[in-house]
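Participant: Submitted below is the structure of interest, expressed as structure tokens.
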Amino acid sequence: MTQQGVRWTADQVLALAPDTASRKAGSKLGTAGPWSGSGSSDEGAVWGLCKGSGSRPYQTVVDISDASGPAYKCSCPSRKFPCKHALGLLLLWAGGDGAVPRAEAPEWAEQWLTDRRGRAEGKRAADSPASPASPSGSAGPEAARRRAERRAERVTAGAAELEQRLADLLRGGLAAAEQSGYGLWEETAARMVDAQAQGLAARVRELGAIPGTGPGWPVRLLEECALLHLLDQGWLRRERLPEDLAATVRSRVGLPASADGPPVRDRWLVLAQYDTADARLTTRRVWLYGTDSHRTALLLSYGAAGRAPEIALPVGLVLDAELSAYPGAGQVRAALGERFAPPVPTAARPPGTTPARAVARYGEALRDDPWLDSVPVTLDRVIPVPDGDGWQLADADGDTALPVTPAARSRPGLWRLVALSGGAPVTVFGECGHQGFTPLAAWPEGPGEAVPLC
């Protein structure tokens, strides 16, 4: 990435967009017309001046040298990261037609780049185990142990209360849940938040959204109540569980954990990146595949109060880095450790499997984590075909198929997948779960770049 000749594709740039509106607006600015004073350096920086509605152009600079993903600075008032100007500048740079020549950075861009890289270096030094700023002595660990014990006591009280509320619900009959309204569920969720059991609170809110959602909702509500009861009982009897399963229960309840697995260095292929957001938090999920270890890993990062999550990795690039796994049976979440080089384009793609094997893989994963919504899967040689009101991915060499999840049917990515296929087999990476398959990225049957679908 720091080499002038290595550039991203337009799809990889647009995969960084925080939403569809930014993607469209950035695409319009990906031409030379609105830009002046643009340039790039061998150290991994791109800058330019973009004409806006005011008298002064917007100053935009992107640092693409950081292995955790690009960083952005723009003088526009947008609170989105990256803004449309940063996306447009990267698209202009990715075009490789000389519109962004190699040059010396202007003072305004150089100052930001120097300050940012200095802060990043200081943070890495502070995070080093040998750093004097690292906690030492027994006071830190002892205080942490006492805090953990107090939180466990609060979670236990919350789980016991939730068990009673579930019993009251079943005793009164599930049909009454539709008349109770959402307020009762939200009040129960608030009680779980007070107990510092955020995972239980989230599942209670999901229960509250089921009543009255169409035919068969009582069955769905009973199934989710059973899973929540199982999680409650797992917490209340966690001392009797195998350590890996107990770690999974702690994670599902909402207790924090450290990525204490041994670091695994690999060339990690970025399979997908997408955000989910509510009023309080934006969660970014980045799926990676180790080209040497053949492991699939999930990076999670968060942004609060409208801020974008920290990690941003365009789909189709490969990152030379170490990952450390979080504890828990069947868990694929990992933490990004030392990065040895910025991400670069690659022709690698993950090996695929059949729809039948994908379903079997999800069933096997449920034995380790009964609360698992989906597993990462790459389907090889499948064709998107209509199926009544929905779509499915049919095995080109067999007679099995996977339905596309209802949520994915309304996304533009489904039509990108259909266009990429054109009736021919494609390779598709996504998440396979009890509702079907959610496509996240795809590759054509022959040589070709990864196409983001989310």
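Residue numbering restarts at 1 for every chain of the structure tokens, chains are lettered A, B, ... in their displayed order, and ligands are numbered from 1 as they appear.
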Excluding Pro82 (chain A) and its own-chain neighbours fewer than 5 positions away, which residues fall within 10 Å of it when counting only C-alpha atoms? Please give them as a PyMOL selection string.

Facilitator: chain A and resi 16-19+22-23+26+62+70-74+87-88+308+312

Participant: Please provide the set of residues having any atom within 10 Å of Val253 (chain A), restricted to only C-alpha atoms, with same-chain residues fewer than 4 positions apart removed, written as a VMD selection string.

Facilitator: chain A and resid 155 159 192 196 to 203 228 231 to 232 234 to 235 247 to 249

Participant: Write out as a list of chain:residue names each polymer residue whose atoms come within 12 Å of region 360-363 of chain A, counting only C-alpha atoms; drop sequence neighbours fewer than 3 positions from it.

Facilitator: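 Surrounding residues, per the criterion: A:Gly330, A:Thr353, A:Thr354, A:Pro355, A:Ala356, A:Arg357, A:Leu366, A:Arg367, A:Asp368, A:Asp369, A:Pro370, A:Trp371, A:Leu372, A:Asp373, A:Ser374, A:Val375, A:Pro376, A:Val377, A:Thr378, A:Leu379, A:Leu402, A:Glu431, A:Cys432, A:Gly433, A:His434, A:Gln435, A:Gly436, A:Phe437.
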
Participant: Dump C-alpha atoms for the selected residues as a PDB file, in the first residue's frame?

Facilitator:
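File produced: again32.pdb:
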ATOM      1  CA  GLY A 330     -16.784 -22.608  18.803  1.00  0.00           C
ATOM      2  CA  THR A 353     -18.251 -25.937   0.020  1.00  0.00           C
ATOM      3  CA  THR A 354     -21.746 -27.060  -0.976  1.00  0.00           C
ATOM      4  CA  PRO A 355     -25.063 -25.791   0.440  1.00  0.00           C
ATOM      5  CA  ALA A 356     -25.677 -29.183   2.083  1.00  0.00           C
ATOM      6  CA  ARG A 357     -22.319 -29.111   3.807  1.00  0.00           C
ATOM      7  CA  LEU A 366     -24.626 -25.336  17.498  1.00  0.00           C
ATOM      8  CA  ARG A 367     -23.319 -28.173  19.636  1.00  0.00           C
ATOM      9  CA  ASP A 368     -20.591 -25.859  20.937  1.00  0.00           C
ATOM     10  CA  ASP A 369     -22.716 -22.683  21.050  1.00  0.00           C
ATOM     11  CA  PRO A 370     -26.519 -23.239  21.092  1.00  0.00           C
ATOM     12  CA  TRP A 371     -27.110 -19.470  20.847  1.00  0.00           C
ATOM     13  CA  LEU A 372     -25.195 -19.071  17.596  1.00  0.00           C
ATOM     14  CA  ASP A 373     -27.184 -17.225  14.935  1.00  0.00           C
ATOM     15  CA  SER A 374     -24.949 -18.157  12.001  1.00  0.00           C
ATOM     16  CA  VAL A 375     -21.540 -19.421  10.912  1.00  0.00           C
ATOM     17  CA  PRO A 376     -19.200 -18.039   8.219  1.00  0.00           C
ATOM     18  CA  VAL A 377     -19.324 -20.158   5.077  1.00  0.00           C
ATOM     19  CA  THR A 378     -18.014 -19.907   1.523  1.00  0.00           C
ATOM     20  CA  LEU A 379     -20.235 -21.565  -1.089  1.00  0.00           C
ATOM     21  CA  LEU A 402     -29.888 -22.500   0.492  1.00  0.00           C
ATOM     22  CA  GLU A 431     -23.282 -16.184   6.999  1.00  0.00           C
ATOM     23  CA  CYS A 432     -25.342 -19.385   7.158  1.00  0.00           C
ATOM     24  CA  GLY A 433     -27.904 -19.686   9.952  1.00  0.00           C
ATOM     25  CA  HIS A 434     -31.393 -20.771  10.894  1.00  0.00           C
ATOM     26  CA  GLN A 435     -32.994 -18.138   8.629  1.00  0.00           C
ATOM     27  CA  GLY A 436     -30.920 -19.031   5.587  1.00  0.00           C
ATOM     28  CA  PHE A 437     -27.828 -17.564   3.954  1.00  0.00           C
TER      29      PHE A 437
END

Participant: Contacts of region 386-398 of chain A at 12 Å or less, counting only C-alpha atoms, minus same-chain residues fewer than 6 places along, as JSON, numbers by chain?

Facilitator: {"A": [352, 353, 354, 355, 356, 357, 358, 378, 379, 380, 404, 405, 406, 407, 408, 409, 410, 414, 415, 417, 418, 421, 423, 424, 425, 426, 427, 428, 429, 430, 432, 435, 436, 437, 438, 439, 445]}

Participant: Give me the residues near Pro101 (chain A) as an NGL selection string, where near means some atom within 8 Å (using only C-alpha atoms) and where sequence neighbours in that chain fewer than 4 positions away do not count.

Facilitator: :A and (38-40)

Participant: Near Pro211 (chain A), within 8 Å and counting only C-alpha atoms, which residues show up once chain neighbours fewer than 3 positions away are dropped, as a list in words?

Facilitator: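 Once the adjacent positions are removed, what remains is Ala177, Glu178, Leu207, Gly208, Trp217, Pro218 and Leu221 of chain A.
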
Participant: Okay, now the selection with C-alpha atoms, as an mmCIF file, in the first residue's frame?

Facilitator:
data_model
loop_
_atom_site.group_PDB
_atom_site.id
_atom_site.type_symbol
_atom_site.label_atom_id
_atom_site.label_comp_id
_atom_site.auth_asym_id
_atom_site.auth_seq_id
_atom_site.Cartn_x
_atom_site.Cartn_y
_atom_site.Cartn_z
ATOM 1 C CA ALA A 177 -47.748 -11.552 25.239
ATOM 2 C CA GLU A 178 -49.400 -9.859 22.259
ATOM 3 C CA LEU A 207 -38.315 -11.480 22.404
ATOM 4 C CA GLY A 208 -40.420 -8.334 22.604
ATOM 5 C CA TRP A 217 -45.239 -16.191 16.132
ATOM 6 C CA PRO A 218 -46.115 -18.097 19.370
ATOM 7 C CA LEU A 221 -41.509 -16.898 20.804
#

Participant: So, counting only C-alpha atoms, which residue among A:Gly173, A:Pro314, A:Pro343, A:Gly413 is closest to Ala272 (chain A)?

Facilitator: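 Among the listed residues, A:Pro314 lies closest to Ala272 (chain A).
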
Participant: For region 42-47 of chain A, list every protein, DNA or RNA residue within 10 Å, evaluated using only C-alpha atoms, and leave out those in the same chain fewer than 4 positions away; present the list as a PyMOL selection string.

Facilitator: chain A and resi 1-5+35-38+59-66+70-74+86+89-90+92-93+100-106+108-110+113+342

Participant: What are the DSSP strand (DSSP E or B) residues of region 162-331 of chain A, as a VMD selection string?

Facilitator: chain A and resid 264 to 277 281 to 290 296 to 304 317 to 325

Participant: May I ask which of the residues A:Thr31, A:Ser324, A:Thr276, A:Ser53 is the closest one to Tyr302 (chain A), counting only C-alpha atoms?

Facilitator: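 Distance minimum relative to Tyr302 (chain A) lands on A:Thr276.
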
Participant: Write out as a compact mmCIF listing (two decimals) with N, CA and C atoms, in the first residue's frame the set of residues from region 21-86 of chain A that DSSP, computed on the backbone, places in alpha helix (DSSP H).

Facilitator:
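Below is the file selection-v4.txt, written as the result:
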# COMPACT_ATOMS: atom_id res chain seq x y z
N ALA A 21 -25.91 6.33 0.81
CA ALA A 21 -25.88 7.72 0.37
C ALA A 21 -24.44 8.20 0.18
N SER A 22 -23.56 7.84 1.12
CA SER A 22 -22.15 8.22 0.99
C SER A 22 -21.51 7.56 -0.21
N ARG A 23 -21.91 6.32 -0.48
CA ARG A 23 -21.35 5.60 -1.62
C ARG A 23 -21.71 6.30 -2.93
N LYS A 24 -22.96 6.73 -3.04
CA LYS A 24 -23.40 7.42 -4.26
C LYS A 24 -22.73 8.78 -4.39
N ALA A 25 -22.69 9.54 -3.28
CA ALA A 25 -22.10 10.87 -3.33
C ALA A 25 -20.60 10.79 -3.61
N GLY A 26 -19.92 9.80 -3.01
CA GLY A 26 -18.50 9.65 -3.24
C GLY A 26 -18.20 9.28 -4.68
N SER A 27 -19.07 8.46 -5.28
CA SER A 27 -18.86 8.06 -6.68
C SER A 27 -18.89 9.26 -7.61
N LYS A 28 -19.75 10.24 -7.31
CA LYS A 28 -19.84 11.43 -8.14
C LYS A 28 -18.58 12.29 -8.05
N LYS A 84 -17.86 11.87 1.90
CA LYS A 84 -17.92 11.67 0.44
C LYS A 84 -16.67 12.20 -0.25
N HIS A 85 -16.03 13.23 0.34
CA HIS A 85 -14.83 13.77 -0.29
C HIS A 85 -13.66 12.78 -0.19
N ALA A 86 -13.53 12.13 0.97
CA ALA A 86 -12.47 11.12 1.12
C ALA A 86 -12.70 9.95 0.17

Participant: CA of Ala442 (chain A) and CA of Arg295 (chain A), how far apart in Å?

Facilitator: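 Straight-line distance from CA of Arg295 (chain A) to CA of Ala442 (chain A) works out to 18.5 Å.
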